[in-house]
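For reference, data_35.tsv is printed below; it contains TSV, C-alpha atoms and all ligand atoms.
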chain	number	residue	atom	x	y	z
A	1	MET	CA	21.38	6.57	7.52
A	2	ALA	CA	17.89	7.10	6.06
A	3	ILE	CA	16.33	4.48	3.76
A	4	SER	CA	13.04	4.83	1.89
A	5	GLY	CA	11.37	1.48	1.29
A	6	GLY	CA	13.41	0.22	4.24
A	7	ALA	CA	10.69	-2.07	5.60
A	8	SER	CA	10.90	-4.69	2.82
A	9	GLY	CA	13.13	-6.43	0.29
A	10	ILE	CA	16.35	-4.69	-0.74
A	11	GLY	CA	15.75	-1.77	1.65
A	12	LEU	CA	15.23	-4.08	4.62
A	13	ALA	CA	18.33	-6.14	3.79
A	14	THR	CA	20.34	-2.92	3.47
A	15	VAL	CA	19.25	-1.49	6.83
A	16	GLY	CA	20.18	-4.82	8.43
A	17	LEU	CA	23.71	-4.66	7.01
A	18	LEU	CA	24.12	-0.99	7.93
A	19	ALA	CA	22.89	-1.55	11.49
A	20	GLN	CA	25.33	-4.47	11.87
A	21	SER	CA	28.11	-2.02	10.96
A	22	GLY	CA	27.02	0.28	13.78
A	23	HIS	CA	25.00	2.88	11.86
A	24	LYS	CA	21.91	4.49	13.35
A	25	ILE	CA	19.01	3.94	10.94
A	26	ALA	CA	15.83	5.79	10.00
A	27	VAL	CA	13.49	3.38	8.19
A	28	LEU	CA	11.18	5.44	5.96
A	29	ASP	CA	8.27	3.44	4.59
A	30	LEU	CA	4.59	3.93	3.83
A	31	ASP	CA	3.20	2.21	6.87
A	32	ALA	CA	4.07	3.44	10.40
A	33	SER	CA	3.80	0.02	12.03
A	34	LYS	CA	5.91	-1.69	9.30
A	35	SER	CA	8.57	1.05	9.51
A	36	GLU	CA	8.69	0.90	13.31
A	37	ALA	CA	8.78	-2.92	13.33
A	38	ALA	CA	11.70	-2.91	10.87
A	39	ALA	CA	13.57	-0.34	12.99
A	40	ALA	CA	12.89	-2.34	16.16
A	41	SER	CA	14.23	-5.54	14.55
A	42	LEU	CA	17.67	-4.04	13.89
A	43	PRO	CA	20.75	-4.72	16.00
A	44	GLY	CA	21.90	-1.78	18.11
A	45	SER	CA	19.80	1.04	19.52
A	46	GLY	CA	18.41	4.44	18.58
A	47	HIS	CA	16.89	3.40	15.24
A	48	ILE	CA	13.60	5.03	14.23
A	49	GLY	CA	10.75	4.06	11.90
A	50	VAL	CA	9.04	6.98	10.17
A	51	ALA	CA	5.82	6.71	8.14
A	52	THR	CA	6.81	8.39	4.87
A	53	ASP	CA	5.21	8.57	1.44
A	54	VAL	CA	7.83	9.41	-1.20
A	55	THR	CA	5.09	10.72	-3.51
A	56	SER	CA	4.60	13.65	-1.09
A	57	THR	CA	7.22	16.39	-0.71
A	58	ASP	CA	5.63	17.40	2.62
A	59	SER	CA	5.90	13.83	3.93
A	60	VAL	CA	9.57	13.51	2.91
A	61	THR	CA	10.41	16.95	4.34
A	62	ALA	CA	8.74	16.02	7.65
A	63	ALA	CA	10.76	12.77	7.75
A	64	PHE	CA	14.07	14.61	7.36
A	65	ASP	CA	12.99	17.23	9.95
A	66	LEU	CA	12.39	14.36	12.37
A	67	ILE	CA	15.77	12.78	11.50
A	68	ARG	CA	17.51	16.12	12.15
A	69	ALA	CA	15.73	16.42	15.52
A	70	SER	CA	16.46	12.77	16.48
A	71	PHE	CA	19.99	12.18	15.10
A	72	GLY	CA	21.31	15.75	14.69
A	73	ARG	CA	23.24	14.67	11.57
A	74	LEU	CA	23.04	12.38	8.54
A	75	ASP	CA	25.73	10.56	6.54
A	76	GLY	CA	23.80	8.55	3.98
A	77	VAL	CA	20.51	8.11	2.16
A	78	VAL	CA	19.10	5.22	0.14
A	79	ALA	CA	16.10	5.67	-2.17
A	80	ALA	CA	14.72	2.12	-2.36
A	81	ALA	CA	10.95	2.66	-2.28
A	82	GLY	CA	9.25	1.08	-5.25
A	83	ILE	CA	6.34	-0.80	-6.77
A	84	VAL	CA	5.82	-3.02	-9.79
A	85	ASP	CA	2.81	-2.65	-12.09
A	86	PRO	CA	3.39	-4.39	-15.44
A	87	ALA	CA	0.98	-3.55	-18.27
A	88	PRO	CA	0.99	-3.39	-22.10
A	89	SER	CA	2.43	-0.05	-23.21
A	90	ALA	CA	-0.34	0.66	-25.75
A	91	THR	CA	-3.12	0.45	-23.19
A	92	VAL	CA	-1.57	1.21	-19.78
A	93	THR	CA	-3.39	4.11	-18.14
A	94	ASP	CA	-1.88	7.54	-17.59
A	95	GLU	CA	-2.56	7.06	-13.88
A	96	SER	CA	-0.43	3.89	-13.73
A	97	LEU	CA	2.41	5.53	-15.68
A	98	GLN	CA	2.28	8.66	-13.54
A	99	ARG	CA	2.28	6.62	-10.31
A	100	LEU	CA	5.35	4.61	-11.36
A	101	ILE	CA	7.20	7.79	-12.31
A	102	ASP	CA	6.03	9.57	-9.14
A	103	ILE	CA	7.29	6.80	-6.83
A	104	HIS	CA	10.49	5.75	-8.60
A	105	LEU	CA	11.77	8.96	-10.21
A	106	MET	CA	10.15	11.81	-8.30
A	107	GLY	CA	10.43	9.76	-5.09
A	108	ALA	CA	14.22	9.48	-5.53
A	109	ILE	CA	14.41	13.20	-6.35
A	110	ARG	CA	12.34	14.05	-3.25
A	111	MET	CA	14.57	11.86	-1.06
A	112	ALA	CA	17.76	13.47	-2.39
A	113	ARG	CA	16.45	17.04	-2.16
A	114	GLY	CA	14.91	16.39	1.26
A	115	ALA	CA	18.28	15.15	2.59
A	116	TYR	CA	20.45	17.82	0.94
A	117	SER	CA	20.68	20.44	3.70
A	118	LEU	CA	21.13	17.90	6.51
A	119	LEU	CA	23.88	16.05	4.58
A	120	LYS	CA	25.57	19.36	3.77
A	121	ASP	CA	25.35	20.50	7.41
A	122	SER	CA	26.89	17.14	8.41
A	123	GLY	CA	29.94	17.84	6.25
A	124	GLY	CA	28.77	15.80	3.24
A	125	GLY	CA	27.55	12.27	2.67
A	126	SER	CA	26.43	9.69	0.15
A	127	ILE	CA	23.13	9.12	-1.65
A	128	VAL	CA	22.35	5.79	-3.35
A	129	CYS	CA	19.28	5.39	-5.55
A	130	LEU	CA	17.86	2.09	-6.77
A	131	SER	CA	17.93	1.90	-10.56
A	132	SER	CA	17.37	-1.32	-12.52
A	133	MET	CA	18.43	-3.23	-15.61
A	134	GLY	CA	15.24	-1.61	-16.96
A	135	ALA	CA	17.28	1.58	-17.36
A	136	ARG	CA	19.46	-0.21	-19.98
A	137	LEU	CA	17.36	-3.02	-21.48
A	138	GLY	CA	13.98	-3.00	-23.18
A	139	VAL	CA	11.93	-5.00	-20.71
A	140	ALA	CA	8.44	-5.37	-22.23
A	141	GLU	CA	5.34	-4.11	-20.37
A	142	ARG	CA	7.45	-2.01	-17.98
A	143	LEU	CA	7.07	1.38	-19.71
A	144	GLY	CA	6.58	3.60	-16.65
A	145	TYR	CA	9.10	1.65	-14.57
A	146	ASN	CA	11.82	1.66	-17.24
A	147	VAL	CA	11.31	5.35	-18.05
A	148	ALA	CA	11.48	6.19	-14.33
A	149	LYS	CA	14.67	4.17	-13.74
A	150	THR	CA	16.32	5.73	-16.82
A	151	GLY	CA	15.42	9.10	-15.31
A	152	VAL	CA	16.92	8.08	-11.96
A	153	GLU	CA	20.30	7.52	-13.66
A	154	GLY	CA	20.09	11.00	-15.28
A	155	MET	CA	19.22	12.51	-11.92
A	156	VAL	CA	22.17	10.73	-10.28
A	157	ARG	CA	24.64	12.18	-12.81
A	158	THR	CA	23.16	15.68	-12.47
A	159	LEU	CA	23.20	15.81	-8.67
A	160	ALA	CA	26.62	14.11	-8.50
A	161	VAL	CA	28.16	17.03	-10.39
A	162	GLU	CA	26.08	19.76	-8.76
A	163	TRP	CA	26.57	18.62	-5.16
A	164	VAL	CA	30.34	17.98	-5.16
A	165	PRO	CA	30.90	21.34	-3.39
A	166	ALA	CA	28.62	20.14	-0.55
A	167	GLY	CA	30.68	16.95	-0.22
A	168	ILE	CA	27.75	14.80	-1.34
A	169	ARG	CA	28.31	11.80	-3.61
A	170	VAL	CA	25.34	10.44	-5.59
A	171	ASN	CA	25.27	6.98	-7.19
A	172	ALA	CA	22.83	4.31	-8.35
A	173	VAL	CA	22.72	0.54	-8.02
A	174	ALA	CA	21.07	-1.33	-10.88
A	175	PRO	CA	20.03	-4.89	-10.00
A	176	ALA	CA	18.49	-7.36	-12.44
A	177	TRP	CA	16.38	-9.91	-10.57
A	178	VAL	CA	16.36	-10.04	-6.78
A	179	LYS	CA	14.39	-12.38	-4.50
A	180	THR	CA	12.12	-9.85	-2.77
A	181	PRO	CA	8.38	-9.63	-1.98
A	182	ALA	CA	7.90	-7.45	-5.11
A	183	ILE	CA	9.33	-10.18	-7.36
A	184	ALA	CA	7.43	-12.90	-5.47
A	185	SER	CA	4.20	-11.02	-6.25
A	186	LEU	CA	5.10	-10.95	-9.98
A	187	ILE	CA	5.79	-14.70	-9.94
A	188	ASP	CA	2.62	-15.49	-7.95
A	189	SER	CA	0.43	-13.43	-10.30
A	190	GLY	CA	1.89	-15.10	-13.42
A	191	PHE	CA	3.72	-12.01	-14.76
A	192	LEU	CA	7.13	-13.60	-14.29
A	193	ASP	CA	8.32	-17.16	-14.93
A	194	PRO	CA	11.52	-17.62	-12.86
A	195	ALA	CA	12.90	-20.50	-15.00
A	196	PRO	CA	13.92	-18.46	-18.10
A	197	VAL	CA	15.36	-15.73	-15.84
A	198	GLU	CA	17.59	-18.30	-14.14
A	199	ALA	CA	18.52	-19.85	-17.51
A	200	ARG	CA	19.43	-16.43	-18.98
A	201	THR	CA	21.56	-15.43	-15.96
A	202	PRO	CA	25.17	-16.72	-16.11
A	203	MET	CA	25.10	-17.31	-12.33
A	204	GLY	CA	21.88	-19.29	-12.81
A	205	ARG	CA	19.94	-17.72	-9.96
A	206	PHE	CA	18.20	-14.60	-8.63
A	207	ALA	CA	20.18	-12.31	-6.30
A	208	ASP	CA	19.60	-12.35	-2.57
A	209	PRO	CA	18.60	-8.88	-1.30
A	210	GLU	CA	21.78	-8.81	0.86
A	211	GLU	CA	23.92	-9.07	-2.30
A	212	ILE	CA	22.44	-5.74	-3.44
A	213	GLY	CA	22.66	-4.32	0.08
A	214	GLN	CA	26.41	-5.01	0.22
A	215	VAL	CA	27.00	-2.89	-2.90
A	216	ILE	CA	24.78	-0.12	-1.52
A	217	ALA	CA	26.71	-0.24	1.77
A	218	PHE	CA	29.99	0.11	-0.16
A	219	LEU	CA	28.69	3.16	-2.03
A	220	LEU	CA	27.55	4.70	1.26
A	221	SER	CA	30.93	4.11	2.90
A	222	PRO	CA	34.18	6.12	2.71
A	223	ALA	CA	35.65	3.09	0.84
A	224	SER	CA	33.95	4.53	-2.29
A	225	SER	CA	35.13	8.11	-1.63
A	226	TYR	CA	36.15	8.74	-5.30
A	227	VAL	CA	33.00	7.21	-6.85
A	228	THR	CA	30.19	9.54	-7.87
A	229	GLY	CA	27.61	9.78	-10.65
A	230	GLN	CA	27.82	6.05	-11.42
A	231	SER	CA	25.29	3.28	-11.78
A	232	VAL	CA	26.68	-0.04	-10.59
A	233	THR	CA	25.10	-3.08	-12.24
A	234	VAL	CA	24.57	-6.06	-9.90
A	235	ASP	CA	23.09	-8.80	-12.07
A	236	GLY	CA	25.02	-12.10	-11.88
A	237	GLY	CA	26.41	-11.34	-15.35
A	238	MET	CA	23.00	-11.16	-17.06
A	239	THR	CA	23.42	-7.92	-18.99
A	240	ILE	CA	26.96	-8.54	-20.25
A	241	GLN	CA	26.48	-12.06	-21.62
A	242	PHE	CA	26.39	-12.45	-25.41
A	243	PRO	CA	23.01	-14.15	-25.92
A	244	LEU	CA	24.04	-16.91	-28.38
A	245	PRO	CA	26.22	-20.03	-27.84
A	246	GLN	CA	29.86	-19.16	-28.65
A	247	THR	CA	32.18	-22.03	-27.84
A	248	GLU	CA	32.48	-25.44	-29.54
A	249	ARG	CA	31.35	-26.99	-26.29
A	250	GLN	CA	28.20	-24.80	-26.10
A	251	LEU	CA	27.36	-25.45	-29.79
A	252	ALA	CA	27.77	-29.25	-29.44
A	301	LIG	N1	13.57	-6.92	-6.69
A	301	LIG	C1	14.18	-6.73	-7.85
A	301	LIG	O1	14.40	-7.68	-8.61
A	301	LIG	C2	14.61	-5.34	-8.26
A	301	LIG	C3	15.37	-5.21	-9.43
A	301	LIG	C4	15.79	-3.93	-9.82
A	301	LIG	C5	15.46	-2.83	-9.05
A	301	LIG	N2	14.71	-2.98	-7.93
A	301	LIG	C6	14.36	-1.77	-7.18
A	301	LIG	O2	14.74	-1.92	-5.82
A	301	LIG	C7	13.84	-1.16	-5.01
A	301	LIG	C8	13.29	-2.08	-3.91
A	301	LIG	O3	12.55	-3.14	-4.52
A	301	LIG	P1	12.14	-4.45	-3.73
A	301	LIG	O4	12.10	-5.53	-4.74
A	301	LIG	O5	12.96	-4.58	-2.52
A	301	LIG	O6	10.62	-4.10	-3.37
A	301	LIG	P2	9.70	-4.43	-2.08
A	301	LIG	O7	8.29	-4.39	-2.57
A	301	LIG	O8	10.19	-5.62	-1.35
A	301	LIG	O9	9.96	-3.16	-1.14
A	301	LIG	C9	9.59	-1.88	-1.58
A	301	LIG	C10	9.21	-1.04	-0.37
A	301	LIG	O10	8.86	0.28	-0.86
A	301	LIG	C11	7.77	0.73	-0.10
A	301	LIG	N3	7.03	1.77	-0.82
A	301	LIG	C12	6.23	1.63	-1.92
A	301	LIG	N4	5.69	2.81	-2.25
A	301	LIG	C13	6.16	3.72	-1.36
A	301	LIG	C14	5.96	5.11	-1.17
A	301	LIG	N5	5.13	5.81	-1.98
A	301	LIG	N6	6.59	5.73	-0.15
A	301	LIG	C15	7.42	5.03	0.69
A	301	LIG	N7	7.64	3.71	0.57
A	301	LIG	C16	7.02	3.06	-0.44
A	301	LIG	C17	6.92	-0.52	0.14
A	301	LIG	O11	6.02	-0.33	1.24
A	301	LIG	C18	7.98	-1.58	0.39
A	301	LIG	O12	8.26	-1.69	1.78
A	301	LIG	C19	12.76	-0.60	-5.94
A	301	LIG	O13	13.10	0.72	-6.30
A	301	LIG	C20	12.87	-1.50	-7.15
A	301	LIG	O14	12.41	-0.89	-8.32
A	301	LIG	C21	14.28	-4.20	-7.51
Would it be possible to restate this file's structure as structure tokens?
Ligand SMILES: NC(=O)c1ccc[n+]([C@@H]2O[C@H](COP(=O)([O-])OP(=O)(O)OC[C@H]3O[C@@H](n4cnc5c(N)ncnc54)[C@H](O)[C@@H]3O)[C@@H](O)[C@H]2O)c1
Amino acid sequence: MAISGGASGIGLATVGLLAQSGHKIAVLDLDASKSEAAAASLPGSGHIGVATDVTSTDSVTAAFDLIRASFGRLDGVVAAAGIVDPAPSATVTDESLQRLIDIHLMGAIRMARGAYSLLKDSGGGSIVCLSSMGARLGVAERLGYNVAKTGVEGMVRTLAVEWVPAGIRVNAVAPAWVKTPAIASLIDSGFLDPAPVEARTPMGRFADPEEIGQVIAFLLSPASSYVTGQSVTVDGGMTIQFPLPQTERQLA
């Protein structure tokens, strides 16, 4: 299994779950020492950490060449690399927008295309890309992020259809709010107040990264063999709740 962004947050929780199930893991993240430390922390043996920048096709290609040389085959890929960079849409710079799109959308495309031939040579496999509620809801000051995640869901549907003959399934997981370092940085810098998020979420709390990882692990596994081209929302009920009080008890 190869996971971009595997050294932190949702990616790190996912590699932990996959390693517990006996998978050999390639942690692909920006920093060599962080990637190697994450790989070394996993149960089992043979895991590798590979310094990879998903904004570079050469870097992603080199990572999959190394995975082919080290593992000889590949069954699954997760595109979980990401950043947050909130800014007002009227004034956000082109550079910020392009960077968000390059990491989240082009990064997922590079991961999928980079893995294609190795997955195909392995008899097929599963690709899971991180989307977000931002692909469905208008979250203010997240223009580049929301556009990129909407694009990820279009990419997932396209590749899912195109790569059926290679035995490759392609799906997305769309979390709402997850307790990760990225979200902690938004809270610490004053861009996110956790209280209204918890109040607006029927389950009344943020997700733990492992709760997203479990859904990713399902989509990577043969248990989801007939699922492709989907985006699975994992949000504690946030996006399906009617926003106003409905029952006599709630109105009282
Ligand atoms: N945390 C949430 O609430 C939430 C909600 C919806 C979607 N997501 C998505 O889940 C994914 C993981 O988010 P997270 O909260 O775990 O973030 P995180 O910051 O904890 O981890 C992201 C990882 O991506 C790596 N990364 C960043 N740029 C990279 C690049 N160019 N190349 C390779 N690696 C790079 C970082 O080094 C980091 O290790 C992201 O795609 C994010 O958009 C997160």
Next item on the list: Could you give me the residues within 8 Å of ligand LIG 301 (chain A), counting only C-alpha atoms and all ligand atoms, as a ChimeraX atom specification?
Entry: /A:4-12,28-31,34,51-56,79-84,103-104,107,129-134,145,149,174-183,206-207,209
Note to self: Report, in Å to a single decimal, how far apart atom CA of Val139 of chain A and atom CA of Pro243 of chain A are.
What the structure shows: 15.3 Å
Check: How far is it from atom CA of Ala115 of chain A to atom CA of Ala172 of chain A, in Å with one decimal?
Finding: 16.1 Å
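Atom CA of Ile187 of chain A is found 24.7 Å from atom CA of Asp94 of chain A.
The smallest atom-to-atom distance between Met155 of chain A and any of A:Gly229, A:Val92, A:Ser224, A:Val173, using all atoms listed in the file, is found for A:Gly229.
When all atoms listed in the file are used to compute distances to Met111 of chain A, the closest of the residues A:Phe242, A:Tyr226, A:Trp163, A:Phe64 turns out to be A:Phe64.
If you count all atoms listed in the file and draw a sphere of 7 Å around (25.5, -15.1, -13.0), the protein and nucleic acid residues inside it come out as A:Thr201, A:Pro202, A:Met203, A:Gly204, A:Arg205, A:Asp235, A:Gly236, A:Gly237, A:Met238.
The shortest atom-to-atom distance to Ala87 of chain A, with all atoms listed in the file taken into account, belongs to A:Ala140 out of A:Ile212, A:Ala217, A:Asp193, A:Ala140.
Distances here use only C-alpha atoms; by that measure, the residue among A:Gly16, A:Gly123, A:Gly190, A:Gly154 closest to Gln230 of chain A is A:Gly154.
Restricting the calculation to only C-alpha atoms, the smallest distance between Arg157 of chain A and any of A:Ala40, A:Ser231, A:Ser89, A:Leu219 is found for A:Ser231.
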Checklist line | Protein, DNA and RNA residues within 8 Å of (22.9, 11.9, 5.9), all atoms listed in the file, as a VMD selection string | finding: chain A and resid 1 to 2 73 to 77 115 118 to 119 122 124 to 126
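Among A:Asp102, A:Thr239, A:Gly22, A:Thr247, the residue with the shortest atom-to-atom distance to Gly138 of chain A, counting all atoms listed in the file, is A:Thr239.
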